[in-house]
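Novice: Shown below is the structure under consideration.
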Amino acid sequence: TEEVAQTRARLVFEAKQGYGHSYQRGMAEATGDLIVLAEPDGTFLPRDIIKLLTYSDDCDAVFGTRTTREMIWDGANMGFFLKWGNWAVAKLVEVLFNTSHLSDVGCTYRLLTRETYDRIRHRFSVGGSHFGPELMLLIITSGARVVEVPINYLPRVGVSSVTGDIRKAVILGLEMIWFITRYWARSMGRRSGRTNPRPNGPSDAAPGQPGRD
């Protein structure tokens, strides 16, 4: 707290525990036209924000990816399982939602416009560690223009309570897959429910209206 007081940063307290709750509170407190999310554990380089800002004129959201080999620093927690696990789940999203190239579903370093946030903020439902995929899916299905850019990934300060434990990481990955497939199924259900067949014959015509040959 004392260190924060010496900067222009504003410290916000969130009573609810959880990755999702903390980032939802942070976005709710943000006041700018562009909102940038990042981890506080030293794994991201501040200068990489320039990469996100570069695309902010053309896109509504910019996702970072930590899976580019040349940008994974020695000692960073991005081994074989985490790298290819994130890649595989990201590809699942890419295929199911027919969206832009994705290679990392769990990277927090992201940018979104105020307009995009306002469109999706009332639909947040996840307070835990798989809020990242929910935010990504809400952005994608809102019709926002998105792009992914590679960012540096550094060794973290301290040990992650989730990805530092392979068992917990596996469980989180399965939760993400379940959430994504369920979200896709629901979105397909809503889409089919909005599809109304147009009259194309006598039996389909409205009462009192002639059918078409």
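Chain labels A, B, ... are given in the sequence in which chains occur in the structure tokens; within each chain residues are numbered consecutively from 1, and ligands are likewise numbered from 1 in the order shown.
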Quick one: everything within 12 Å of Lys51 of chain A, counting only C-alpha atoms, minus sequence neighbours fewer than 2 positions away in the same chain. Send it as an MDAnalysis selection string.
Specialist: chainID A and resid 36 45:49 53:57 62:65 109:111 147:152
Novice: So, counting only C-alpha atoms, which residue among A:Asp58, A:Asp104, A:Glu29, A:Asp41 is closest to Ala76 of chain A?
Specialist: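 Ranked by minimum distance to Ala76 of chain A, first place goes to A:Asp41.
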Novice: Go through segment 105-194 of chain A and flag each residue having an atom no more than 10 Å from segment 19-26 of chain A; for those, report the closest pair of atoms plus their distance in Å to one decimal, using only C-alpha atoms, ordered by chain and rising number, as JSON lines.
Specialist:
{"residue": "A:Thr108", "atom": "CA", "partner": "A:Tyr23", "partner_atom": "CA", "distance": 9.5}
{"residue": "A:Arg121", "atom": "CA", "partner": "A:Gln24", "partner_atom": "CA", "distance": 8.2}
{"residue": "A:Phe124", "atom": "CA", "partner": "A:Gln24", "partner_atom": "CA", "distance": 8.0}
{"residue": "A:Ser125", "atom": "CA", "partner": "A:Gly20", "partner_atom": "CA", "distance": 8.8}
{"residue": "A:Val126", "atom": "CA", "partner": "A:Gly20", "partner_atom": "CA", "distance": 6.0}
{"residue": "A:Gly127", "atom": "CA", "partner": "A:Gly20", "partner_atom": "CA", "distance": 4.0}
{"residue": "A:Gly128", "atom": "CA", "partner": "A:Gly20", "partner_atom": "CA", "distance": 5.0}
{"residue": "A:Ser129", "atom": "CA", "partner": "A:Tyr19", "partner_atom": "CA", "distance": 5.2}
{"residue": "A:His130", "atom": "CA", "partner": "A:Gly20", "partner_atom": "CA", "distance": 7.4}
{"residue": "A:Phe131", "atom": "CA", "partner": "A:Gly20", "partner_atom": "CA", "distance": 4.9}
{"residue": "A:Gly132", "atom": "CA", "partner": "A:Gly20", "partner_atom": "CA", "distance": 7.5}
{"residue": "A:Glu134", "atom": "CA", "partner": "A:Gly20", "partner_atom": "CA", "distance": 9.3}
{"residue": "A:Leu135", "atom": "CA", "partner": "A:Gly20", "partner_atom": "CA", "distance": 9.2}
Novice: Report, in Å to a single decimal, how far apart atom CA of Ile35 of chain A and atom CA of Leu92 of chain A are.
Specialist: 26.0 Å
Novice: Which neighbours of Trp184 of chain A fall inside 9 Å, counting only C-alpha atoms, when residues of the same chain fewer than 5 positions from it are skipped, and could you give them as a PyMOL selection string?
Specialist: chain A and resi 93+96-97+179+189
Novice: Give the alpha helix (DSSP H) residues of chain A, as assigned by DSSP on the backbone, as a ChimeraX atom specification.
Specialist: /A:2-5,19-29,49-54,80-96,114-120,131-141,166-193
Novice: Quick one: everything within 12 Å of Glu2 of chain A, counting only C-alpha atoms, minus sequence neighbours fewer than 6 positions away in the same chain. Send it as a list in words.
Specialist: Ala9, Arg10 and Leu11 of chain A
Novice: Take the selection from the previous step and output its residues with N, CA and C atoms, as an mmCIF file, in the first residue's frame.
Specialist:
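As written to disk, part.cif reads:
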data_model
loop_
_atom_site.group_PDB
_atom_site.id
_atom_site.type_symbol
_atom_site.label_atom_id
_atom_site.label_comp_id
_atom_site.auth_asym_id
_atom_site.auth_seq_id
_atom_site.Cartn_x
_atom_site.Cartn_y
_atom_site.Cartn_z
ATOM 1 N N ALA A 9 -0.888 5.344 -9.312
ATOM 2 C CA ALA A 9 -1.837 4.229 -9.348
ATOM 3 C C ALA A 9 -2.885 4.373 -8.247
ATOM 4 N N ARG A 10 -4.039 3.764 -8.467
ATOM 5 C CA ARG A 10 -5.115 3.788 -7.478
ATOM 6 C C ARG A 10 -5.381 2.364 -7.011
ATOM 7 N N LEU A 11 -5.273 2.139 -5.715
ATOM 8 C CA LEU A 11 -5.485 0.813 -5.140
ATOM 9 C C LEU A 11 -6.965 0.620 -4.828
#
Novice: Neighbouring residues of Glu115 of chain A were defined as those with any atom within 10 Å, considering only C-alpha atoms; residues of the same chain fewer than 2 positions away were excluded. Please report them as a list of chain:residue names.
Specialist: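 Surrounding residues, per the criterion: A:Asp33, A:Leu34, A:Asp60, A:Leu112, A:Thr113, A:Tyr117, A:Asp118, A:Arg119, A:Ile120, A:Ala144.
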Novice: Take the residues that were just selected and, keeping C-alpha atoms, output them as a tab-separated table (two decimals), in the first residue's frame.
Specialist:
chain	number	residue	atom	x	y	z
A	33	ASP	CA	-11.65	4.87	-23.19
A	34	LEU	CA	-9.29	1.87	-23.32
A	60	ASP	CA	-12.18	-3.50	-30.37
A	112	LEU	CA	-10.60	-3.74	-24.81
A	113	THR	CA	-12.42	-0.55	-25.63
A	117	TYR	CA	-16.75	-3.47	-22.03
A	118	ASP	CA	-20.10	-1.70	-21.71
A	119	ARG	CA	-21.69	-4.25	-24.06
A	120	ILE	CA	-20.58	-7.28	-22.05
A	144	ALA	CA	-16.18	-7.17	-31.58
Novice: Please list as a compact mmCIF listing (two decimals) with C-alpha atoms, in the first residue's frame every residue within 12 Å of Trp73 of chain A, counting only C-alpha atoms and excluding residues in the same chain fewer than 4 positions away.
Specialist:
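Dumped everything to part_24.txt:
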# COMPACT_ATOMS: atom_id res chain seq x y z
CA THR A 43 5.31 -11.91 -15.73
CA PHE A 44 4.52 -9.15 -18.26
CA LEU A 45 6.67 -6.32 -19.63
CA ARG A 66 2.39 -16.08 -24.17
CA THR A 67 2.99 -19.11 -26.38
CA THR A 68 5.49 -17.64 -28.87
CA ARG A 69 8.70 -19.57 -28.17
CA ASN A 77 6.24 -20.92 -16.04
CA MET A 78 5.36 -21.98 -19.57
CA GLY A 79 6.41 -25.59 -19.90
CA ILE A 151 3.94 -10.67 -25.78
CA ASN A 152 6.95 -11.39 -23.58
CA TYR A 153 6.42 -13.84 -20.74
CA LEU A 154 8.78 -13.60 -17.76
CA PRO A 155 9.41 -15.62 -14.59
CA ARG A 156 6.83 -14.70 -11.99
